[in-house]
Each structure stands twice: as structure tokens, then as C-alpha cells.
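Asker: The following file, final_23.tsv, comprises TSV, C-alpha atoms:
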chain	number	residue	atom	x	y	z
D	26	MET	CA	-56.88	128.13	-18.84
D	27	THR	CA	-56.12	124.77	-20.44
D	28	SER	CA	-57.31	121.60	-18.71
D	29	ASN	CA	-54.89	119.08	-17.20
D	30	ILE	CA	-51.46	118.85	-18.80
D	31	ARG	CA	-50.66	115.24	-19.76
D	32	VAL	CA	-47.00	114.64	-18.97
D	33	GLY	CA	-44.50	112.00	-20.03
D	34	ILE	CA	-41.18	111.50	-18.25
D	35	ILE	CA	-38.16	110.44	-20.29
D	36	GLY	CA	-35.57	108.89	-18.00
D	37	ALA	CA	-36.65	106.99	-14.89
D	38	GLY	CA	-33.40	107.05	-12.94
D	39	PHE	CA	-32.81	108.85	-9.64
D	40	TRP	CA	-34.02	112.27	-10.79
D	41	GLY	CA	-36.72	110.96	-13.11
D	42	ALA	CA	-38.21	109.07	-10.16
D	43	ASN	CA	-38.38	112.36	-8.25
D	44	HIS	CA	-40.14	113.99	-11.20
D	45	ALA	CA	-42.67	111.15	-11.20
D	46	ARG	CA	-43.32	111.55	-7.48
D	47	VAL	CA	-43.91	115.30	-7.73
D	48	ILE	CA	-45.90	115.33	-10.96
D	49	SER	CA	-48.20	112.61	-9.64
D	50	GLU	CA	-49.08	114.97	-6.75
D	51	LEU	CA	-49.54	118.20	-8.74
D	52	GLU	CA	-52.93	119.69	-9.41
D	53	GLY	CA	-53.37	120.30	-13.14
D	54	ALA	CA	-50.99	117.52	-14.20
D	55	THR	CA	-51.67	113.94	-15.26
D	56	LEU	CA	-48.66	111.65	-15.30
D	57	THR	CA	-49.38	109.73	-18.50
D	58	ALA	CA	-46.20	107.91	-19.53
D	59	ILE	CA	-42.77	106.79	-18.34
D	60	CYS	CA	-39.85	105.95	-20.61
D	61	ASP	CA	-36.49	104.44	-19.79
D	62	ILE	CA	-33.98	102.37	-21.70
D	63	ASN	CA	-34.17	100.02	-18.70
D	64	ILE	CA	-37.75	98.86	-19.17
D	65	GLU	CA	-37.93	97.19	-15.74
D	66	ARG	CA	-37.05	100.50	-14.10
D	67	ALA	CA	-39.78	102.23	-16.11
D	68	LYS	CA	-42.28	99.54	-15.10
D	69	SER	CA	-41.36	99.94	-11.44
D	70	ILE	CA	-41.96	103.70	-11.45
D	71	ALA	CA	-45.16	103.29	-13.49
D	72	LYS	CA	-46.53	100.75	-11.04
D	73	ARG	CA	-45.67	102.96	-8.05
D	74	TYR	CA	-47.62	105.93	-9.42
D	75	GLY	CA	-50.28	104.24	-11.52
D	76	VAL	CA	-48.91	105.42	-14.86
D	77	PRO	CA	-50.79	103.80	-17.78
D	78	ARG	CA	-48.12	103.91	-20.53
D	79	ILE	CA	-44.58	102.53	-20.47
D	80	PHE	CA	-41.97	102.97	-23.19
D	81	GLN	CA	-38.39	101.86	-23.73
D	82	ASN	CA	-37.72	104.15	-26.71
D	83	TYR	CA	-38.33	107.86	-26.23
D	84	VAL	CA	-39.38	108.32	-29.87
D	85	ASP	CA	-42.30	105.95	-29.26
D	86	LEU	CA	-43.37	108.07	-26.28
D	87	LEU	CA	-43.13	111.26	-28.36
D	88	ARG	CA	-45.37	109.73	-31.04
D	89	CYS	CA	-48.15	109.42	-28.47
D	90	ASP	CA	-50.87	112.02	-29.14
D	91	GLU	CA	-52.12	111.79	-25.56
D	92	ILE	CA	-49.02	113.54	-24.17
D	93	ASP	CA	-48.84	117.35	-24.09
D	94	ALA	CA	-45.45	117.86	-22.45
D	95	VAL	CA	-42.38	115.92	-21.38
D	96	THR	CA	-39.66	116.24	-18.80
D	97	ILE	CA	-36.22	115.00	-19.84
D	98	CYS	CA	-34.16	113.38	-17.07
D	99	THR	CA	-31.66	111.39	-19.12
D	100	PRO	CA	-27.83	111.66	-19.18
D	101	SER	CA	-26.70	115.17	-20.09
D	102	THR	CA	-25.20	114.29	-23.46
D	103	THR	CA	-28.64	113.12	-24.68
D	104	HIS	CA	-30.59	116.22	-23.61
D	105	ALA	CA	-30.37	118.22	-26.84
D	106	GLU	CA	-31.21	115.32	-29.15
D	107	ILE	CA	-34.30	114.33	-27.15
D	108	CYS	CA	-35.38	117.95	-26.64
D	109	ILE	CA	-35.19	118.70	-30.36
D	110	GLU	CA	-37.18	115.56	-31.20
D	111	ALA	CA	-39.82	116.43	-28.60
D	112	LEU	CA	-40.21	119.98	-29.89
D	113	SER	CA	-40.42	118.75	-33.47
D	114	ARG	CA	-43.26	116.44	-32.45
D	115	GLY	CA	-45.24	119.27	-30.85
D	116	LYS	CA	-44.44	118.72	-27.18
D	117	ASP	CA	-43.56	121.38	-24.63
D	118	VAL	CA	-40.42	120.46	-22.71
D	119	LEU	CA	-38.75	120.75	-19.35
D	120	VAL	CA	-35.17	119.57	-19.87
D	121	GLU	CA	-32.87	119.07	-16.93
D	122	LYS	CA	-29.66	121.09	-16.83
D	123	PRO	CA	-27.48	121.39	-18.74
D	124	MET	CA	-29.85	121.89	-21.67
D	125	ALA	CA	-27.18	120.51	-24.02
D	126	SER	CA	-23.58	119.37	-23.90
D	127	SER	CA	-22.26	122.23	-26.07
D	128	LEU	CA	-23.16	125.71	-27.24
D	129	GLU	CA	-23.66	124.42	-30.78
D	130	GLU	CA	-26.24	121.90	-29.53
D	131	SER	CA	-27.85	124.62	-27.40
D	132	MET	CA	-28.40	126.80	-30.45
D	133	ARG	CA	-30.04	123.89	-32.27
D	134	VAL	CA	-32.52	123.66	-29.39
D	135	VAL	CA	-33.15	127.42	-29.57
D	136	ASP	CA	-33.72	127.27	-33.32
D	137	THR	CA	-36.06	124.28	-33.05
D	138	ALA	CA	-38.09	125.94	-30.29
D	139	LYS	CA	-38.54	128.99	-32.54
D	140	SER	CA	-39.49	126.99	-35.63
D	141	SER	CA	-41.84	124.61	-33.80
D	142	GLY	CA	-43.61	127.25	-31.73
D	143	ARG	CA	-43.27	125.04	-28.64
D	144	ARG	CA	-41.81	126.04	-25.28
D	145	VAL	CA	-38.69	124.92	-23.45
D	146	MET	CA	-37.87	125.29	-19.77
D	147	VAL	CA	-34.41	124.44	-18.44
D	148	GLY	CA	-34.18	122.77	-15.03
D	149	PHE	CA	-32.17	125.42	-13.20
D	150	ILE	CA	-33.81	124.29	-9.99
D	151	GLU	CA	-31.95	126.70	-7.70
D	152	ARG	CA	-34.09	129.56	-9.05
D	153	PHE	CA	-36.97	127.78	-7.31
D	154	ASN	CA	-35.11	127.25	-4.04
D	155	PRO	CA	-37.05	129.33	-1.49
D	156	ALA	CA	-33.75	130.73	-0.16
D	157	VAL	CA	-32.91	132.10	-3.62
D	158	GLU	CA	-36.39	133.57	-3.95
D	159	VAL	CA	-35.92	135.36	-0.61
D	160	ALA	CA	-32.46	136.60	-1.62
D	161	LYS	CA	-33.79	137.92	-4.94
D	162	GLY	CA	-36.50	139.84	-3.09
D	163	LEU	CA	-33.94	141.34	-0.70
D	164	LEU	CA	-31.80	142.49	-3.61
D	165	GLU	CA	-34.77	144.09	-5.33
D	166	LYS	CA	-35.61	145.95	-2.11
D	167	GLY	CA	-32.03	147.28	-1.86
D	168	ARG	CA	-31.32	145.64	1.50
D	169	ILE	CA	-27.56	145.44	0.83
D	170	GLY	CA	-27.27	148.47	-1.41
D	171	ARG	CA	-25.83	147.93	-4.87
D	172	PRO	CA	-24.71	144.29	-5.31
D	173	ILE	CA	-21.17	144.09	-6.69
D	174	LEU	CA	-19.76	140.61	-6.02
D	175	ILE	CA	-21.06	137.03	-6.05
D	176	TYR	CA	-19.14	134.08	-4.67
D	177	GLY	CA	-20.67	130.68	-5.37
D	178	ARG	CA	-19.32	127.40	-4.04
D	179	ARG	CA	-20.36	123.84	-4.91
D	180	ILE	CA	-17.92	121.30	-3.57
D	181	GLY	CA	-18.13	117.69	-2.48
D	182	PRO	CA	-17.39	114.11	-3.52
D	183	TRP	CA	-17.99	112.86	-7.05
D	184	PRO	CA	-21.58	111.71	-7.64
D	185	GLU	CA	-20.88	108.35	-9.28
D	186	ARG	CA	-24.00	108.50	-11.46
D	187	ILE	CA	-22.40	111.44	-13.35
D	188	GLY	CA	-19.91	110.29	-15.98
D	189	ASP	CA	-20.72	112.07	-19.21
D	190	ILE	CA	-19.75	115.65	-18.29
D	191	GLY	CA	-17.43	117.40	-15.85
D	192	VAL	CA	-18.11	119.38	-12.69
D	193	LEU	CA	-18.46	122.65	-14.60
D	194	LYS	CA	-21.46	121.76	-16.76
D	195	ASP	CA	-23.01	119.46	-14.16
D	196	THR	CA	-22.60	121.56	-11.02
D	197	SER	CA	-21.22	125.06	-11.68
D	198	ILE	CA	-23.88	125.61	-14.33
D	199	HIS	CA	-26.26	126.46	-11.45
D	200	ASP	CA	-24.05	129.29	-10.20
D	201	ILE	CA	-23.43	130.50	-13.73
D	202	ASP	CA	-27.18	130.76	-14.20
D	203	LEU	CA	-27.69	132.46	-10.83
D	204	SER	CA	-24.94	134.98	-11.61
D	205	LEU	CA	-26.75	135.89	-14.85
D	206	TYR	CA	-30.08	135.91	-12.98
D	207	PHE	CA	-28.80	138.34	-10.33
D	208	PHE	CA	-26.37	140.49	-12.35
D	209	GLY	CA	-27.85	140.47	-15.86
D	210	PRO	CA	-27.57	138.28	-18.96
D	211	GLN	CA	-24.56	139.99	-20.58
D	212	PRO	CA	-21.26	139.00	-18.91
D	213	ILE	CA	-18.11	140.40	-20.47
D	214	TYR	CA	-15.02	138.30	-19.69
D	215	VAL	CA	-14.20	135.06	-17.93
D	216	TYR	CA	-10.88	133.88	-16.55
D	217	ALA	CA	-10.57	130.42	-15.04
D	218	ALA	CA	-8.29	127.68	-13.79
D	219	GLY	CA	-9.06	124.01	-13.29
D	220	GLY	CA	-8.38	120.50	-14.44
D	221	ALA	CA	-9.02	116.77	-14.14
D	222	PHE	CA	-7.30	115.38	-11.07
D	223	ARG	CA	-9.10	112.04	-10.61
D	224	HIS	CA	-11.63	111.88	-13.45
D	225	SER	CA	-11.69	111.95	-17.25
D	226	ASN	CA	-13.51	115.31	-17.28
D	227	GLU	CA	-12.63	118.40	-15.25
D	228	ASP	CA	-13.26	117.81	-11.54
D	229	TYR	CA	-12.19	121.18	-10.13
D	230	ILE	CA	-12.57	124.74	-11.37
D	231	GLN	CA	-12.34	128.31	-10.18
D	232	ALA	CA	-13.69	131.01	-12.46
D	233	LEU	CA	-14.05	134.79	-12.46
D	234	ILE	CA	-16.90	136.25	-14.53
D	235	THR	CA	-16.98	140.01	-15.05
D	236	PHE	CA	-20.12	142.06	-15.76
D	237	ARG	CA	-20.90	145.65	-16.58
D	238	ASP	CA	-21.08	148.26	-13.79
D	239	GLU	CA	-17.99	146.79	-12.08
D	240	ARG	CA	-19.78	143.64	-10.98
D	241	SER	CA	-18.16	140.21	-10.88
D	242	ALA	CA	-18.87	136.63	-9.88
D	243	ILE	CA	-16.41	134.05	-8.59
D	244	ILE	CA	-17.41	130.40	-8.95
D	245	GLU	CA	-15.71	127.46	-7.28
D	246	ALA	CA	-16.60	123.81	-7.74
D	247	ASN	CA	-14.96	120.43	-7.31
D	248	TRP	CA	-15.62	116.71	-6.94
D	249	LEU	CA	-12.64	116.30	-4.60
D	250	THR	CA	-13.89	117.58	-1.24
D	251	PRO	CA	-15.11	114.94	1.23
D	252	ARG	CA	-18.18	116.89	2.41
D	253	LYS	CA	-20.88	118.43	0.24
D	254	LYS	CA	-21.28	122.21	0.52
D	255	ARG	CA	-23.53	124.49	-1.52
D	256	ASP	CA	-23.61	128.19	-0.74
D	257	LEU	CA	-23.56	131.62	-2.34
D	258	ARG	CA	-22.61	135.06	-1.03
D	259	ILE	CA	-23.75	138.32	-2.59
D	260	THR	CA	-21.74	141.31	-1.40
D	261	GLY	CA	-23.24	144.76	-1.79
D	262	THR	CA	-22.23	148.29	-0.89
D	263	GLU	CA	-24.21	148.06	2.37
D	264	GLY	CA	-24.07	144.40	3.39
D	265	VAL	CA	-23.88	140.73	2.46
D	266	ILE	CA	-26.55	138.13	1.71
D	267	HIS	CA	-25.52	134.53	2.38
D	268	VAL	CA	-27.60	131.71	0.85
D	269	GLU	CA	-27.28	128.12	2.08
D	270	PHE	CA	-28.83	125.93	-0.62
D	271	LEU	CA	-29.00	122.66	1.30
D	272	SER	CA	-30.58	124.03	4.49
D	273	ARG	CA	-32.47	126.71	2.50
D	274	GLU	CA	-31.43	129.46	4.89
D	275	VAL	CA	-30.66	133.12	4.21
D	276	THR	CA	-28.52	135.40	6.37
D	277	ILE	CA	-28.12	139.16	5.97
D	278	GLU	CA	-24.95	140.71	7.41
D	279	LYS	CA	-25.00	144.49	7.87
D	280	SER	CA	-23.07	147.00	9.96
D	281	ASP	CA	-25.80	147.03	12.62
D	282	GLY	CA	-26.11	143.25	12.98
D	283	THR	CA	-26.94	139.90	11.42
D	284	TYR	CA	-30.47	138.88	10.41
D	285	MET	CA	-32.09	135.64	9.28
D	286	PRO	CA	-35.35	136.30	7.41
D	287	MET	CA	-38.00	133.60	7.36
D	288	THR	CA	-37.69	131.25	4.40
D	289	PRO	CA	-40.74	129.27	3.20
D	290	ASN	CA	-40.53	125.55	3.82
D	291	SER	CA	-41.04	124.31	0.28
D	292	GLU	CA	-39.38	121.76	-1.99
D	293	PRO	CA	-37.52	123.37	-4.93
D	294	LEU	CA	-38.44	120.57	-7.35
D	295	LYS	CA	-42.13	120.86	-6.49
D	296	ASN	CA	-41.94	124.65	-6.90
D	297	GLU	CA	-40.26	124.22	-10.29
D	298	LEU	CA	-42.63	121.59	-11.67
D	299	ARG	CA	-45.69	123.41	-10.34
D	300	TYR	CA	-44.53	126.54	-12.18
D	301	PHE	CA	-43.97	124.49	-15.36
D	302	ILE	CA	-47.45	122.97	-15.28
D	303	THR	CA	-49.21	126.20	-14.30
D	304	SER	CA	-47.44	128.17	-17.03
D	305	LEU	CA	-48.46	125.60	-19.65
D	306	MET	CA	-52.06	125.66	-18.43
D	307	ARG	CA	-52.10	129.46	-18.72
D	308	ASN	CA	-50.28	129.36	-22.08
D	309	GLU	CA	-47.50	131.57	-20.68
D	310	GLU	CA	-43.83	131.75	-21.56
D	311	LEU	CA	-41.42	129.65	-19.53
D	312	SER	CA	-38.44	130.96	-17.57
D	313	PRO	CA	-35.64	130.01	-17.44
D	314	GLY	CA	-36.07	129.09	-21.09
D	315	CYS	CA	-33.78	127.87	-23.83
D	316	ILE	CA	-32.16	131.29	-24.29
D	317	GLU	CA	-31.08	131.25	-20.64
D	318	GLY	CA	-29.85	127.68	-21.11
D	319	ALA	CA	-27.77	128.70	-24.11
D	320	ARG	CA	-26.30	131.73	-22.32
D	321	ALA	CA	-25.20	129.58	-19.39
D	322	MET	CA	-23.62	127.11	-21.81
D	323	ALA	CA	-21.77	129.94	-23.58
D	324	VAL	CA	-20.25	131.02	-20.26
D	325	ALA	CA	-19.36	127.41	-19.40
D	326	GLU	CA	-17.58	126.94	-22.73
D	327	ALA	CA	-15.74	130.24	-22.27
D	328	ILE	CA	-14.56	128.97	-18.86
D	329	LEU	CA	-13.27	125.73	-20.40
D	330	GLN	CA	-11.53	127.73	-23.12
D	331	SER	CA	-9.90	129.94	-20.49
D	332	ILE	CA	-8.72	126.89	-18.54
D	333	SER	CA	-7.22	125.43	-21.72
D	334	THR	CA	-5.54	128.62	-22.97
D	335	LYS	CA	-4.73	130.13	-19.55
D	336	LYS	CA	-6.08	133.41	-20.90
D	337	ALA	CA	-9.16	135.59	-20.34
D	338	VAL	CA	-11.96	134.92	-22.82
D	339	CYS	CA	-14.43	137.53	-24.08
D	340	VAL	CA	-17.74	135.79	-23.51
D	341	SER	CA	-19.72	138.83	-24.68
D	342	ASP	CA	-18.37	138.20	-28.20
D	343	MET	CA	-19.60	134.58	-28.03
D	344	LEU	CA	-23.05	135.74	-26.96
D	345	SER	CA	-23.26	138.38	-29.68
D	346	MET	CA	-22.11	135.92	-32.35
D	347	HIS	CA	-25.02	133.62	-31.49
D	348	GLY	CA	-27.62	136.34	-31.03
D	349	LEU	CA	-27.85	135.80	-27.27
What does this structure look like when you write it as C-alpha cells?
Answerer:
Amino acid sequence: MTSNIRVGIIGAGFWGANHARVISELEGATLTAICDINIERAKSIAKRYGVPRIFQNYVDLLRCDEIDAVTICTPSTTHAEICIEALSRGKDVLVEKPMASSLEESMRVVDTAKSSGRRVMVGFIERFNPAVEVAKGLLEKGRIGRPILIYGRRIGPWPERIGDIGVLKDTSIHDIDLSLYFFGPQPIYVYAAGGAFRHSNEDYIQALITFRDERSAIIEANWLTPRKKRDLRITGTEGVIHVEFLSREVTIEKSDGTYMPMTPNSEPLKNELRYFITSLMRNEELSPGCIEGARAMAVAEAILQSISTKKAVCVSDMLSMHGL
């Protein structure tokens, strides 16, 4: 097992500050550098956690030989560019979702990861939500029979710090990833409706994703609803699993009653970053990786295409075309 992983954080805003807090507490990790275009913000985070190196330009951070891996917490439209540069300079990467702002950019990340021999993990944090881990275990044990339908909902007011992408790639991308995680990585068709009611990018969507074996997922998201709600229902032939992401609760509904299994009291971000660091120390592959990130982006772009054309889109053709 490799010794401590020396980590640099690129982006010291709201989420980057959370990364700094968690990484500073993790066994096996040494928080080595902070970078932000706002140098005073980087200095503030560095002072709080005793970080020795501060950068304003991410390229300068990536030139540092005393950094093994980086986490990228910058605006979404910069993710691919920074990720590709980090991989090219020999760093392993955790990039926050979405991995890129387009499928074309996503494939550039995939190609660079292959050519550099470095690893990429995409920050699909809900996979590390203890409620999702419990739900996955219940599905694998057959507690609701054969799962056939997913309904995911992420609604609430617009988070003002998000301005570079719409609700689909910022928010629904989680439920796209979970649908592929639960039902398999090869969706067939998508059909969607949505639009931009108050914002420059789409701020409401409803999408149907079909899979093999007569499975389907329905995803709803908006930045119009006054109260934030995050939940997912998985309907099977013998029951329903309901996941509440915010309270991290799981409910099983069956013909003989309703059950609430115990869910571990753990922070998803800490679970995710601990997995990232441990996997690097053990020299293991990372999951979800850049292939999963590209697949989710392909589905997202198919949804936007369906909204624009008002027609069903064959996402399986998009995946095949890009070797996904």
C-alpha cells in the first residue's frame, strides 16, 4: 500500500471548502495545496487547515511534484480542461460532477486518462449516500423482486452559485447516474420535455429513459419549486424502495407492511473522499470513473436533444458511436 496521498484542491469555493475540511481529517491523506482564482479565499482555507502551499493558477499547482492527486471543485464548464491538464501532468483526479460540459469534452477526458495511465473519479456523491448503499444491497438481495421502474425527483429553488449549466447537468445528472448504476449502463431511448422559464439555461425537465428487460426511469428536476426535495423510488415486482437523500432514510413498502431498515449515520462526502484516497493508496481502479461520467453526459445530451426536437432519441446509438 502506498504511503500518504498528497492532495491539492483546485477551487476553494463552497464545495472546495468542504473538500478541504474532509481531506484534512482523513487518514492516509495530506492536504498539501489549495488553489483558487480568488487568492484571498485560497489563503483563508489554507490558514484554517494548515495547508502549506497556495496557488492562484491551477497550472502552477499541477507543476508541483509534491502533489499526487487533485480534486477539482471549480465551475462545471472548466472541469474538462483542468482534468485533462492534471492527467497530462501525472496526477490522479477526482472531478466534481458533471465531469465535463459536453459529451465531446467527456471523451477527451476519457482519451487522456487512457493515454496518461492516470485515474479519474467523478463526484457522483449519491453513490456514497448511506441510503443509496442500503437500497443497492436490498436490490441485490431481491427484497422487492425484479426492479422495473425508477422515479427520481430533485426539485427546489435555484442555487444562485450555479450559472454556467442548467438543472439537467447540474442536478439531474445524479439521477441519470443512479439509473445507470441500478439498471445497467446501456439505456436505449430517452424522451423528454423541459425548458427555461426563469433562467438562461433549462430550469425544468422531465425525462423518460428506457432500458432493456422492460425497465425504465423517470427523472424530474426543476429550479422553480420553493422547497428542496430529493428522493428516488424503485418499484419492483414485489414492492417499492423509497430513498430520501436529504434525511438519508430508506423505506421498503411490501404487501405485508412497511419497513425502515437501519441506515448508517455517515457523511456522503467523507465516504466518497475516503474511498478515493484508499483506492489510490491500494493502487486500485476508481468507480465511478470517467467512462461512467461520459455515459451520464451522453444521456444528458440525448435528453436535451429530445427536448429540442420533441422526439425520442436513441441514446444507445450515441453510446455505441463513442465506444461507451
Asker: Can you pull out every residue within 10 Å of Cys339 of chain D, counting all atoms listed in the file, but drop anything in the same chain fewer than 6 positions away, and send it as a list in words?
Answerer: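 Near Cys339 of chain D, the qualifying residues are Pro212, Ile213, Tyr214, Val215, Tyr216, Ile234, Thr235, Val324, Ala327 and Ser331 of chain D.
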Asker: Please compute the atom CA of Ser272 of chain D-atom CA of Leu294 of chain D distance, one decimal, in Å.
Answerer: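 According to the coordinates, atom CA of Ser272 of chain D and atom CA of Leu294 of chain D are separated by 14.6 Å.
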Asker: Using all atoms listed in the file, which protein or nucleic acid residues come within 10 Å of Glu227 of chain D? Drop anything in the same chain fewer than 2 positions from it, and give the result as a list in words.
Answerer: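 Once the nearby chain positions are removed, what remains is Ile190, Gly191, Val192, Leu193, Lys194, Gly219, Gly220, Ala221, Phe222, Arg223, His224, Ser225, Tyr229, Ile230, Asn247, Trp248, Leu329 and Ile332 of chain D.
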Asker: Would you list the contacts of Glu121 of chain D as a PDB file with C-alpha atoms, in the coordinates of the input, taking every protein, DNA or RNA residue within 8 Å and counting all atoms listed in the file, but skipping same-chain residues closer than 2 positions in sequence?
Answerer:
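Output (part_24.pdb):
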ATOM      1  CA  THR D  96     -39.660 116.240 -18.800  1.00  0.00           C
ATOM      2  CA  ILE D  97     -36.220 115.000 -19.840  1.00  0.00           C
ATOM      3  CA  CYS D  98     -34.160 113.380 -17.070  1.00  0.00           C
ATOM      4  CA  SER D 101     -26.700 115.170 -20.090  1.00  0.00           C
ATOM      5  CA  HIS D 104     -30.590 116.220 -23.610  1.00  0.00           C
ATOM      6  CA  LEU D 119     -38.750 120.750 -19.350  1.00  0.00           C
ATOM      7  CA  PRO D 123     -27.480 121.390 -18.740  1.00  0.00           C
ATOM      8  CA  MET D 124     -29.850 121.890 -21.670  1.00  0.00           C
ATOM      9  CA  VAL D 147     -34.410 124.440 -18.440  1.00  0.00           C
ATOM     10  CA  GLY D 148     -34.180 122.770 -15.030  1.00  0.00           C
ATOM     11  CA  PHE D 149     -32.170 125.420 -13.200  1.00  0.00           C
TER      12      PHE D 149
END
Asker: In file coordinates, which residues lie within 10 Å of (-26.2, 137.3, -15.9) using all atoms listed in the file, given as a VMD selection string?
Answerer: chain D and resid 201 to 213 234 to 237 241 to 242 317 320 to 321 324
Asker: Measuring atom to atom with all atoms listed in the file, identify which of D:Ser140, D:Leu298, D:Leu174, D:Ile198 is nearest to Arg240 of chain D.
Answerer: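 Looking only at the distances to Arg240 of chain D, the closest residue turns out to be D:Leu174.
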Asker: Between atom CA of Ala323 of chain D and atom CA of Glu165 of chain D, what is the spacing in Å?
Answerer: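 Atom CA of Ala323 of chain D lies 26.5 Å from atom CA of Glu165 of chain D.
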Asker: From the list D:Leu271, D:Cys315, D:Leu51, D:Leu56, which residue is nearest Ile109 of chain D when using all atoms listed in the file?
Answerer: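 Of D:Leu271, D:Cys315, D:Leu51, D:Leu56, the one nearest Ile109 of chain D is D:Cys315, counting all atoms listed in the file.
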Asker: Determine, counting only C-alpha atoms, which protein, DNA and RNA residues have an atom within 12 Å of an atom of Arg133 of chain D; residues of the same chain fewer than 2 positions away are not included. Present the result as a PyMOL selection string.
Answerer: chain D and resi 104-110+112-113+124-131+135-141+315-316+318-319+347
Asker: Would you please work out which residue, of D:Asp238, D:Ala45, D:Glu52, D:Ala232, is nearest to Ala217 of chain D when using all atoms listed in the file?
Answerer: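 Of all the options, D:Ala232 lies closest to Ala217 of chain D.
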Asker: Quick one: residues within 10 Å of Ser69 of chain D, all atoms listed in the file, excluding same-chain residues fewer than 3 positions away - as a list in words?
Answerer: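 Counting all atoms listed in the file, the residues come to Ala37, Ala42, Ile59, Ile64, Glu65, Arg66, Lys72, Arg73, Tyr74, Gly75, Val76 and Ile79 of chain D.
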Asker: Nearest residue to Val47 of chain D out of D:Gly115, D:Pro293, D:Gly282, D:Pro172, using only C-alpha atoms?
Answerer: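 Smallest separation from Val47 of chain D among the options: D:Pro293.
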Asker: Ranking D:Ala246, D:Val157, D:Val145, D:Met132 by minimum distance to Gly348 of chain D and counting all atoms listed in the file, which one comes first?
Answerer: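 Of the candidates, the smallest distance to Gly348 of chain D is held by D:Met132.
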Asker: Using all atoms listed in the file, which of the listed residues (D:Asn43, D:Thr288, D:Ser341, D:Ser197) sits closest to Leu257 of chain D?
Answerer: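 Closest to Leu257 of chain D of all the choices is D:Ser197.
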Asker: Go ahead and compute the interatomic distance for atom CA of Glu297 of chain D and atom CA of Arg152 of chain D, in Å to one decimal.
Answerer: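 Separation of atom CA of Glu297 of chain D and atom CA of Arg152 of chain D: 8.3 Å.
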